[in-house]
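Engineer: See final.txt below, with compact mmCIF, C-alpha atoms.
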# COMPACT_ATOMS: atom_id res chain seq x y z
CA MET W 1 69.58 19.45 -16.05
CA ARG W 2 71.26 21.37 -18.86
CA LEU W 3 69.14 24.55 -18.62
CA LYS W 4 68.52 24.75 -14.89
CA ASP W 5 67.34 28.25 -13.87
CA LYS W 6 67.69 29.60 -17.42
CA VAL W 7 64.89 31.70 -18.89
CA ALA W 8 63.99 30.87 -22.49
CA TRP W 9 61.72 32.75 -24.88
CA ILE W 10 60.41 30.59 -27.74
CA THR W 11 58.43 32.01 -30.64
CA GLY W 12 55.95 29.86 -32.52
CA ALA W 13 55.64 27.80 -29.33
CA GLY W 14 52.01 26.86 -29.89
CA ASN W 15 52.65 23.77 -31.99
CA GLY W 16 55.16 21.66 -33.89
CA ILE W 17 58.86 22.34 -33.37
CA GLY W 18 58.20 25.29 -31.07
CA ARG W 19 56.03 23.28 -28.71
CA ALA W 20 58.45 20.33 -28.75
CA THR W 21 61.31 22.69 -27.92
CA ALA W 22 59.38 24.33 -25.09
CA LEU W 23 58.56 20.96 -23.54
CA ARG W 24 62.17 19.75 -23.87
CA PHE W 25 63.58 22.94 -22.38
CA ALA W 26 61.18 22.70 -19.44
CA GLN W 27 62.35 19.13 -18.83
CA GLU W 28 65.89 20.48 -18.75
CA GLY W 29 65.02 23.02 -16.04
CA ALA W 30 64.31 26.17 -18.05
CA ARG W 31 61.57 28.64 -17.24
CA LEU W 32 59.63 29.42 -20.40
CA VAL W 33 57.98 32.29 -22.20
CA ALA W 34 55.87 30.57 -24.85
CA ALA W 35 54.92 33.07 -27.55
CA ASP W 36 52.67 32.49 -30.53
CA VAL W 37 50.35 34.47 -32.77
CA ASP W 38 47.74 31.89 -31.69
CA GLY W 39 47.31 32.73 -28.03
CA GLU W 40 45.20 29.67 -27.23
CA ALA W 41 47.83 27.36 -28.67
CA ALA W 42 50.52 29.06 -26.58
CA GLN W 43 48.38 28.61 -23.48
CA GLU W 44 48.00 24.92 -24.28
CA THR W 45 51.78 24.57 -24.40
CA VAL W 46 52.08 26.35 -21.05
CA ALA W 47 49.44 24.07 -19.53
CA MET W 48 51.41 21.00 -20.66
CA ILE W 49 54.57 22.39 -19.07
CA GLN W 50 52.82 23.26 -15.82
CA GLU W 51 51.16 19.85 -15.61
CA ALA W 52 54.64 18.34 -15.76
CA GLY W 53 55.81 20.57 -12.92
CA GLY W 54 57.56 23.26 -14.98
CA GLU W 55 57.31 27.04 -14.99
CA ALA W 56 55.97 28.88 -18.02
CA VAL W 57 53.91 31.86 -19.14
CA SER W 58 52.28 32.51 -22.51
CA VAL W 59 52.19 35.60 -24.68
CA ALA W 60 50.02 36.14 -27.75
CA GLY W 61 51.47 38.33 -30.48
CA SER W 62 53.13 38.60 -33.86
CA VAL W 63 56.89 38.62 -34.36
CA THR W 64 56.33 41.16 -37.15
CA SER W 65 55.13 43.76 -34.62
CA ARG W 66 57.84 45.59 -32.70
CA ASP W 67 55.33 46.38 -29.94
CA ASP W 68 54.34 42.72 -29.59
CA VAL W 69 57.98 41.65 -29.56
CA GLN W 70 58.83 44.16 -26.85
CA ARG W 71 55.88 42.87 -24.83
CA MET W 72 57.23 39.32 -25.12
CA VAL W 73 60.62 40.39 -23.77
CA GLN W 74 59.03 42.42 -21.00
CA THR W 75 56.94 39.40 -20.02
CA ALA W 76 60.14 37.40 -19.54
CA LEU W 77 61.69 40.15 -17.43
CA ASP W 78 58.55 40.74 -15.36
CA SER W 79 57.93 37.04 -14.80
CA PHE W 80 61.45 35.73 -14.28
CA GLY W 81 63.77 38.72 -13.96
CA ARG W 82 66.07 37.89 -16.88
CA LEU W 83 66.32 36.41 -20.37
CA ASP W 84 68.99 33.87 -21.24
CA ILE W 85 67.80 32.15 -24.42
CA LEU W 86 65.82 33.08 -27.52
CA ILE W 87 64.63 30.39 -29.91
CA ASN W 88 63.50 32.23 -33.05
CA ASN W 89 61.17 29.51 -34.32
CA ALA W 90 58.11 31.33 -35.74
CA GLY W 91 57.78 30.92 -39.50
CA ILE W 92 55.35 30.54 -42.39
CA ASN W 93 55.39 29.44 -46.02
CA ARG W 94 53.23 30.39 -49.01
CA ASP W 95 54.49 28.38 -51.95
CA GLY W 96 54.13 29.30 -55.58
CA LEU W 97 56.18 29.63 -58.73
CA ALA W 98 57.96 32.96 -59.15
CA VAL W 99 56.49 33.22 -62.65
CA LYS W 100 53.65 31.05 -63.93
CA VAL W 101 52.83 30.99 -67.63
CA LYS W 102 49.52 29.50 -68.76
CA ASP W 103 47.52 30.08 -71.94
CA ASP W 104 49.72 33.01 -72.92
CA GLU W 105 49.12 34.67 -69.55
CA VAL W 106 52.01 35.48 -67.26
CA LYS W 107 51.37 35.58 -63.51
CA TYR W 108 53.94 36.66 -60.96
CA MET W 109 54.33 35.84 -57.30
CA GLY W 110 52.52 38.79 -55.75
CA ASP W 111 53.00 40.75 -52.56
CA ASP W 112 50.37 38.55 -50.89
CA ARG W 113 52.86 35.66 -51.03
CA TRP W 114 56.20 37.48 -50.92
CA ASP W 115 55.72 40.12 -48.22
CA PRO W 116 54.17 38.00 -45.43
CA VAL W 117 56.86 35.30 -45.73
CA LEU W 118 59.71 37.82 -45.60
CA GLU W 119 57.97 39.72 -42.80
CA VAL W 120 57.58 36.71 -40.51
CA ASN W 121 60.64 34.65 -41.37
CA LEU W 122 63.28 37.34 -41.78
CA LYS W 123 62.04 40.60 -40.27
CA GLY W 124 60.46 38.72 -37.35
CA THR W 125 63.73 36.93 -36.64
CA PHE W 126 65.58 40.26 -36.65
CA LEU W 127 63.08 42.05 -34.41
CA CYS W 128 63.13 39.27 -31.81
CA ALA W 129 66.92 38.96 -31.81
CA GLN W 130 67.29 42.73 -31.54
CA ALA W 131 64.90 42.91 -28.59
CA ALA W 132 66.42 39.91 -26.80
CA ALA W 133 69.92 41.34 -27.16
CA VAL W 134 69.15 44.31 -24.89
CA PRO W 135 68.80 42.36 -21.60
CA MET W 136 71.42 39.86 -22.76
CA ILE W 137 73.96 42.65 -23.30
CA ARG W 138 73.24 43.93 -19.79
CA GLN W 139 73.78 40.40 -18.45
CA ARG W 140 76.87 39.93 -20.62
CA SER W 141 75.56 36.54 -21.70
CA GLY W 142 72.92 34.97 -23.90
CA ARG W 143 72.07 32.31 -26.46
CA ILE W 144 70.12 33.08 -29.63
CA VAL W 145 69.13 30.28 -31.99
CA ASN W 146 67.51 31.29 -35.27
CA THR W 147 65.68 29.05 -37.73
CA SER W 148 66.72 28.66 -41.33
CA SER W 149 65.78 25.65 -43.48
CA ILE W 150 67.04 23.22 -46.06
CA GLY W 151 64.95 25.48 -48.31
CA ALA W 152 67.66 28.15 -48.03
CA LEU W 153 69.63 26.11 -50.57
CA GLY W 154 66.86 26.65 -53.13
CA ASN W 155 63.65 24.84 -53.96
CA ILE W 156 61.17 25.06 -56.84
CA GLY W 157 58.07 27.00 -55.87
CA GLN W 158 59.69 28.61 -52.83
CA ALA W 159 61.46 31.75 -54.05
CA ASN W 160 59.97 33.67 -51.12
CA TYR W 161 60.70 31.02 -48.50
CA ALA W 162 64.21 30.30 -49.78
CA ALA W 163 65.07 33.99 -49.83
CA SER W 164 63.81 34.48 -46.28
CA LYS W 165 65.67 31.46 -44.90
CA ALA W 166 68.90 32.30 -46.73
CA GLY W 167 68.57 35.78 -45.26
CA VAL W 168 68.34 34.28 -41.78
CA ILE W 169 71.73 32.64 -42.30
CA GLY W 170 73.35 35.95 -43.26
CA LEU W 171 71.65 37.66 -40.34
CA THR W 172 72.84 34.96 -37.94
CA ARG W 173 76.47 35.30 -38.99
CA THR W 174 76.38 39.10 -38.73
CA LEU W 175 74.77 39.16 -35.29
CA ALA W 176 77.26 36.54 -34.09
CA LEU W 177 80.10 38.90 -35.02
CA GLU W 178 78.45 41.96 -33.48
CA TRP W 179 77.47 40.38 -30.17
CA ALA W 180 80.36 38.03 -29.43
CA ARG W 181 81.96 40.76 -27.28
CA TYR W 182 78.99 40.46 -24.92
CA ASN W 183 79.29 36.68 -24.62
CA ILE W 184 76.14 36.22 -26.70
CA THR W 185 76.26 33.34 -29.16
CA VAL W 186 74.05 33.43 -32.25
CA ASN W 187 73.54 30.24 -34.21
CA CYS W 188 71.05 28.79 -36.62
CA VAL W 189 69.26 25.46 -37.01
CA ALA W 190 68.24 24.51 -40.56
CA PRO W 191 65.65 21.72 -40.41
CA GLY W 192 64.76 19.51 -43.31
CA ALA W 193 61.23 18.24 -43.85
CA THR W 194 59.70 17.78 -40.41
CA ARG W 195 56.42 16.24 -39.30
CA THR W 196 54.52 19.47 -38.58
CA ARG W 197 51.47 21.33 -39.86
CA MET W 198 53.60 22.69 -42.73
CA THR W 199 54.15 19.20 -44.13
CA ALA W 200 50.79 17.69 -43.17
CA GLY W 201 49.14 18.87 -46.37
CA ILE W 202 51.76 17.55 -48.80
CA PRO W 203 50.08 15.16 -51.30
CA GLU W 204 51.11 11.52 -50.98
CA LYS W 205 52.80 11.37 -54.39
CA VAL W 206 54.85 14.47 -53.62
CA MET W 207 55.72 13.08 -50.19
CA GLN W 208 57.07 9.88 -51.68
CA VAL W 209 59.32 11.85 -54.01
CA LEU W 210 60.52 13.94 -51.06
CA LEU W 211 61.25 10.89 -48.92
CA GLY W 212 63.23 9.41 -51.81
CA LYS W 213 65.61 12.37 -51.62
CA ILE W 214 66.29 12.01 -47.89
CA PRO W 215 69.16 9.59 -47.15
CA LEU W 216 67.59 8.56 -43.82
CA GLY W 217 64.32 7.94 -45.66
CA ARG W 218 61.89 9.68 -43.31
CA LEU W 219 60.72 13.04 -42.01
CA ALA W 220 62.24 14.50 -38.87
CA GLU W 221 60.18 14.51 -35.71
CA PRO W 222 59.77 17.89 -33.95
CA GLU W 223 61.56 16.48 -30.92
CA GLU W 224 64.65 15.84 -33.04
CA ILE W 225 64.84 19.51 -34.01
CA ALA W 226 64.26 20.42 -30.36
CA ALA W 227 67.35 18.41 -29.46
CA ALA W 228 69.44 20.59 -31.80
CA HIS W 229 67.96 23.69 -30.19
CA LEU W 230 68.89 22.33 -26.79
CA PHE W 231 72.51 21.77 -27.78
CA LEU W 232 72.97 25.28 -29.18
CA ALA W 233 71.17 26.88 -26.21
CA SER W 234 73.21 25.00 -23.61
CA ASP W 235 76.72 25.47 -22.29
CA ASP W 236 77.75 22.46 -24.38
CA ALA W 237 77.85 24.94 -27.29
CA ILE W 238 79.53 27.75 -25.36
CA TYR W 239 82.28 28.09 -28.00
CA VAL W 240 79.98 27.75 -31.02
CA THR W 241 78.71 30.91 -32.71
CA GLY W 242 77.77 32.04 -36.20
CA GLN W 243 77.12 28.48 -37.33
CA VAL W 244 74.34 26.76 -39.27
CA LEU W 245 73.40 23.25 -38.15
CA PHE W 246 71.48 21.32 -40.80
CA VAL W 247 69.13 18.77 -39.22
CA ASP W 248 67.80 17.25 -42.41
CA GLY W 249 68.42 13.51 -42.53
CA GLY W 250 71.36 14.07 -44.87
CA ILE W 251 69.51 15.68 -47.78
CA SER W 252 71.82 18.73 -47.87
CA VAL W 253 74.87 16.50 -48.38
CA GLY W 254 73.99 15.96 -52.03
CA VAL W 255 72.87 19.52 -52.80
Now that the file is in, can you turn its structure into structure tokens?
Structural biologist:
Amino acid sequence: MRLKDKVAWITGAGNGIGRATALRFAQEGARLVAADVDGEAAQETVAMIQEAGGEAVSVAGSVTSRDDVQRMVQTALDSFGRLDILINNAGINRDGLAVKVKDDEVKYMGDDRWDPVLEVNLKGTFLCAQAAAVPMIRQRSGRIVNTSSIGALGNIGQANYAASKAGVIGLTRTLALEWARYNITVNCVAPGATRTRMTAGIPEKVMQVLLGKIPLGRLAEPEEIAAAHLFLASDDAIYVTGQVLFVDGGISVGV
């Protein structure tokens, strides 16, 4: 097992990619802290892990709250005595044009769309990485995997999301440089369109256009993103840091 006796903290573990990653890590021998703003969803993930014979605890909280984030880390330390891996998976989107002009009226993307996306996707990633680094520095080892997106390359209607995910890439590279001396690797997975709640509401016509842009011709499954997380969190990637791994069916090749 590639993560035997490792302790992994996964944010956004209540569904989608986060849940798939938690289940895969448990299969590989990791002990899990499943965190999610939806506490019941996190508990469901933990129940699935325990039913399969794994070890896991859940924590409800927001990655935008420093107090909640500290509580997540403390839960890992209290439950398992250490923290080896952080998967920074929590994220949201609130799409809309940066400027919309209709009938001589000009509407701008407001704080209700901009601030929450930057708070969760970028600030939340920073707060969790910062908190996880403390025990990892003491241990002189750790693996942090952040989540960017194909959207970081730019996408109509996603000025907020693209900015947050491009910021995650810059953050990842900087933290990789700062923490390499402690044997902490910091990398980033950039998924393409994946079969999750975020894509479930895409209209059929829009989905067909999207699929036409993906060389492999389909959405990713959450388990396929989890496999990338596993690689970067394992010793197979011990000499990989500061990198962005696009898992997007080839769509970024032509961008």
Engineer: State, in Å with one decimal place, the distance from atom CA of Val117 of chain W to atom CA of Thr64 of chain W.
Structural biologist: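 Between atom CA of Val117 of chain W and atom CA of Thr64 of chain W the gap is 10.4 Å.
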Engineer: With the cut-off set at 12 Å and counting only C-alpha atoms, tabulate each residue of segment 4-74 of chain W with an atom at most that distance from an atom of segment 233-240 of chain W, showing the nearest atom pair and its distance in Å to one decimal, ordered by chain and increasing number, as JSON lines.
Structural biologist:
{"residue": "W:Lys4", "atom": "CA", "partner": "W:Ser234", "partner_atom": "CA", "distance": 9.9}
{"residue": "W:Asp5", "atom": "CA", "partner": "W:Ser234", "partner_atom": "CA", "distance": 11.8}
{"residue": "W:Lys6", "atom": "CA", "partner": "W:Ser234", "partner_atom": "CA", "distance": 9.5}
{"residue": "W:Val7", "atom": "CA", "partner": "W:Ala233", "partner_atom": "CA", "distance": 10.8}
{"residue": "W:Ala8", "atom": "CA", "partner": "W:Ala233", "partner_atom": "CA", "distance": 9.0}
{"residue": "W:Trp9", "atom": "CA", "partner": "W:Ala233", "partner_atom": "CA", "distance": 11.2}
{"residue": "W:Ile10", "atom": "CA", "partner": "W:Ala233", "partner_atom": "CA", "distance": 11.5}
{"residue": "W:Thr21", "atom": "CA", "partner": "W:Ala233", "partner_atom": "CA", "distance": 10.8}
{"residue": "W:Arg24", "atom": "CA", "partner": "W:Ala233", "partner_atom": "CA", "distance": 11.7}
{"residue": "W:Phe25", "atom": "CA", "partner": "W:Ala233", "partner_atom": "CA", "distance": 9.4}
{"residue": "W:Glu28", "atom": "CA", "partner": "W:Ser234", "partner_atom": "CA", "distance": 9.9}
{"residue": "W:Gly29", "atom": "CA", "partner": "W:Ser234", "partner_atom": "CA", "distance": 11.3}
{"residue": "W:Ala30", "atom": "CA", "partner": "W:Ser234", "partner_atom": "CA", "distance": 10.6}
Engineer: Go through W:Leu232, W:Arg195, W:Glu178, W:Gly254 and flag the residue nearest Ile214 of chain W, using only C-alpha atoms for the distances.
Structural biologist: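 Closest candidate: W:Gly254.
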Engineer: With only C-alpha atoms as the atoms that count, which of W:Val46, W:Leu3, W:Leu127, W:Ala56 lies nearest to Asp84 of chain W?
Structural biologist: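 Among W:Val46, W:Leu3, W:Leu127, W:Ala56, it is W:Leu3 that comes nearest to Asp84 of chain W.
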Engineer: Compare W:Ile251, W:Ala190, W:Met198, W:Ala52 by their minimum atom-to-atom distance to Asn93 of chain W, counting all atoms listed in the file, and give me the closest one.
Structural biologist: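 Residue with the minimum atom-to-atom distance to Asn93 of chain W: W:Met198.
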Engineer: Quick one, how far is atom CA of Gly217 of chain W from atom CA of Gly157 of chain W?
Structural biologist: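 According to the coordinates, atom CA of Gly217 of chain W and atom CA of Gly157 of chain W are separated by 22.5 Å.
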Engineer: In Å, how far is it from atom CA of Thr172 of chain W to atom CA of Ala60 of chain W?
Structural biologist: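 Value for the atom CA of Thr172 of chain W-atom CA of Ala60 of chain W distance: 25.0 Å.
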Engineer: Identify which of the residues W:Gln139, W:Gln27, W:Leu122, W:Glu44 lies closest to Gly81 of chain W, counting only C-alpha atoms when measuring atom-to-atom distances.
Structural biologist: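 Using only C-alpha atoms, Gly81 of chain W sits closest to W:Gln139.
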Engineer: Would you please work out which residue, of W:Ile17, W:Ile184, W:Val59, W:Val168, is nearest to Ala220 of chain W when using all atoms listed in the file?
Structural biologist: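 Of the candidates, the smallest distance to Ala220 of chain W is held by W:Ile17.
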Engineer: Using only C-alpha atoms, which of W:Leu83, W:Ala41, W:Ile92, W:Ala159 sits nearest Pro135 of chain W?
Structural biologist: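 Among the listed residues, the smallest separation from Pro135 of chain W belongs to W:Leu83.
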Engineer: Determine, counting all atoms listed in the file, which protein, DNA and RNA residues have an atom within 8 Å of an atom of Gly12 of chain W; residues of the same chain fewer than 6 positions away are not included. Present the result as JSON, numbers by chain.
Structural biologist: {"W": [18, 19, 34, 35, 36, 37, 88, 89, 90, 91]}
Engineer: Please list as number ranges by chain every residue within 7 Å of Val247 of chain W, counting only C-alpha atoms and excluding residues in the same chain fewer than 6 positions away.
Structural biologist: W: 190-192, 225
Engineer: Need the shell around Gln158 of chain W: protein/DNA/RNA residues with any atom at most 12 Å away, counting all atoms listed in the file. Skip same-chain ones fewer than 6 positions apart. Format as a PDB file with C-alpha atoms, in the frame of the given file?
Structural biologist:
ATOM      1  CA  ILE W  92      55.350  30.540 -42.390  1.00  0.00           C
ATOM      2  CA  ASN W  93      55.390  29.440 -46.020  1.00  0.00           C
ATOM      3  CA  ARG W  94      53.230  30.390 -49.010  1.00  0.00           C
ATOM      4  CA  ASP W  95      54.490  28.380 -51.950  1.00  0.00           C
ATOM      5  CA  GLY W  96      54.130  29.300 -55.580  1.00  0.00           C
ATOM      6  CA  LEU W  97      56.180  29.630 -58.730  1.00  0.00           C
ATOM      7  CA  ALA W  98      57.960  32.960 -59.150  1.00  0.00           C
ATOM      8  CA  VAL W  99      56.490  33.220 -62.650  1.00  0.00           C
ATOM      9  CA  MET W 109      54.330  35.840 -57.300  1.00  0.00           C
ATOM     10  CA  ARG W 113      52.860  35.660 -51.030  1.00  0.00           C
ATOM     11  CA  TRP W 114      56.200  37.480 -50.920  1.00  0.00           C
ATOM     12  CA  VAL W 117      56.860  35.300 -45.730  1.00  0.00           C
ATOM     13  CA  LEU W 118      59.710  37.820 -45.600  1.00  0.00           C
ATOM     14  CA  SER W 149      65.780  25.650 -43.480  1.00  0.00           C
ATOM     15  CA  ILE W 150      67.040  23.220 -46.060  1.00  0.00           C
ATOM     16  CA  GLY W 151      64.950  25.480 -48.310  1.00  0.00           C
ATOM     17  CA  ALA W 152      67.660  28.150 -48.030  1.00  0.00           C
ATOM     18  CA  SER W 164      63.810  34.480 -46.280  1.00  0.00           C
ATOM     19  CA  LYS W 165      65.670  31.460 -44.900  1.00  0.00           C
ATOM     20  CA  ALA W 166      68.900  32.300 -46.730  1.00  0.00           C
TER      21      ALA W 166
END
Engineer: For Leu245 of chain W, work out the shell of residues within 8 Å, counting all atoms listed in the file and skipping chain neighbours fewer than 5 positions away, then give it as a PyMOL selection string.
Structural biologist: chain W and resi 188-190+228
Engineer: N, CA and C atoms are needed for segment 146-165 of chain W; please write them out as a JSON list (two decimals), in the frame of the given file.
Structural biologist:
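What follows is the written file out27.json:
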[["chain", "number", "residue", "atom", "x", "y", "z"],
["W", 146, "ASN", "N", 68.44, 30.95, -34.20],
["W", 146, "ASN", "CA", 67.51, 31.29, -35.27],
["W", 146, "ASN", "C", 67.13, 30.04, -36.06],
["W", 147, "THR", "N", 66.15, 30.18, -36.93],
["W", 147, "THR", "CA", 65.68, 29.05, -37.73],
["W", 147, "THR", "C", 65.78, 29.36, -39.21],
["W", 148, "SER", "N", 66.67, 28.63, -39.88],
["W", 148, "SER", "CA", 66.72, 28.66, -41.33],
["W", 148, "SER", "C", 65.98, 27.42, -41.84],
["W", 149, "SER", "N", 66.45, 26.81, -42.90],
["W", 149, "SER", "CA", 65.78, 25.65, -43.48],
["W", 149, "SER", "C", 66.64, 25.07, -44.58],
["W", 150, "ILE", "N", 66.43, 23.81, -44.87],
["W", 150, "ILE", "CA", 67.04, 23.22, -46.06],
["W", 150, "ILE", "C", 66.61, 24.01, -47.30],
["W", 151, "GLY", "N", 65.45, 24.67, -47.21],
["W", 151, "GLY", "CA", 64.95, 25.48, -48.31],
["W", 151, "GLY", "C", 65.86, 26.64, -48.66],
["W", 152, "ALA", "N", 66.74, 27.05, -47.75],
["W", 152, "ALA", "CA", 67.66, 28.15, -48.03],
["W", 152, "ALA", "C", 68.59, 27.82, -49.18],
["W", 153, "LEU", "N", 68.76, 26.53, -49.48],
["W", 153, "LEU", "CA", 69.63, 26.11, -50.57],
["W", 153, "LEU", "C", 68.93, 26.19, -51.92],
["W", 154, "GLY", "N", 67.62, 26.51, -51.89],
["W", 154, "GLY", "CA", 66.86, 26.65, -53.13],
["W", 154, "GLY", "C", 65.88, 25.51, -53.32],
["W", 155, "ASN", "N", 64.66, 25.86, -53.73],
["W", 155, "ASN", "CA", 63.65, 24.84, -53.96],
["W", 155, "ASN", "C", 62.57, 25.40, -54.89],
["W", 156, "ILE", "N", 62.19, 24.63, -55.88],
["W", 156, "ILE", "CA", 61.17, 25.06, -56.84],
["W", 156, "ILE", "C", 59.88, 25.41, -56.12],
["W", 157, "GLY", "N", 59.32, 26.57, -56.47],
["W", 157, "GLY", "CA", 58.07, 27.00, -55.87],
["W", 157, "GLY", "C", 58.22, 27.71, -54.54],
["W", 158, "GLN", "N", 59.47, 27.98, -54.13],
["W", 158, "GLN", "CA", 59.69, 28.61, -52.83],
["W", 158, "GLN", "C", 60.69, 29.77, -52.91],
["W", 159, "ALA", "N", 60.55, 30.60, -53.93],
["W", 159, "ALA", "CA", 61.46, 31.75, -54.05],
["W", 159, "ALA", "C", 61.37, 32.63, -52.81],
["W", 160, "ASN", "N", 60.15, 32.83, -52.32],
["W", 160, "ASN", "CA", 59.97, 33.67, -51.12],
["W", 160, "ASN", "C", 60.56, 33.01, -49.88],
["W", 161, "TYR", "N", 60.23, 31.75, -49.67],
["W", 161, "TYR", "CA", 60.70, 31.02, -48.50],
["W", 161, "TYR", "C", 62.22, 30.85, -48.51],
["W", 162, "ALA", "N", 62.76, 30.48, -49.67],
["W", 162, "ALA", "CA", 64.21, 30.30, -49.78],
["W", 162, "ALA", "C", 64.95, 31.60, -49.51],
["W", 163, "ALA", "N", 64.43, 32.70, -50.05],
["W", 163, "ALA", "CA", 65.07, 33.99, -49.83],
["W", 163, "ALA", "C", 65.05, 34.37, -48.36],
["W", 164, "SER", "N", 63.92, 34.13, -47.70],
["W", 164, "SER", "CA", 63.81, 34.48, -46.28],
["W", 164, "SER", "C", 64.75, 33.64, -45.42],
["W", 165, "LYS", "N", 64.85, 32.35, -45.73],
["W", 165, "LYS", "CA", 65.67, 31.46, -44.90],
["W", 165, "LYS", "C", 67.16, 31.63, -45.20]]
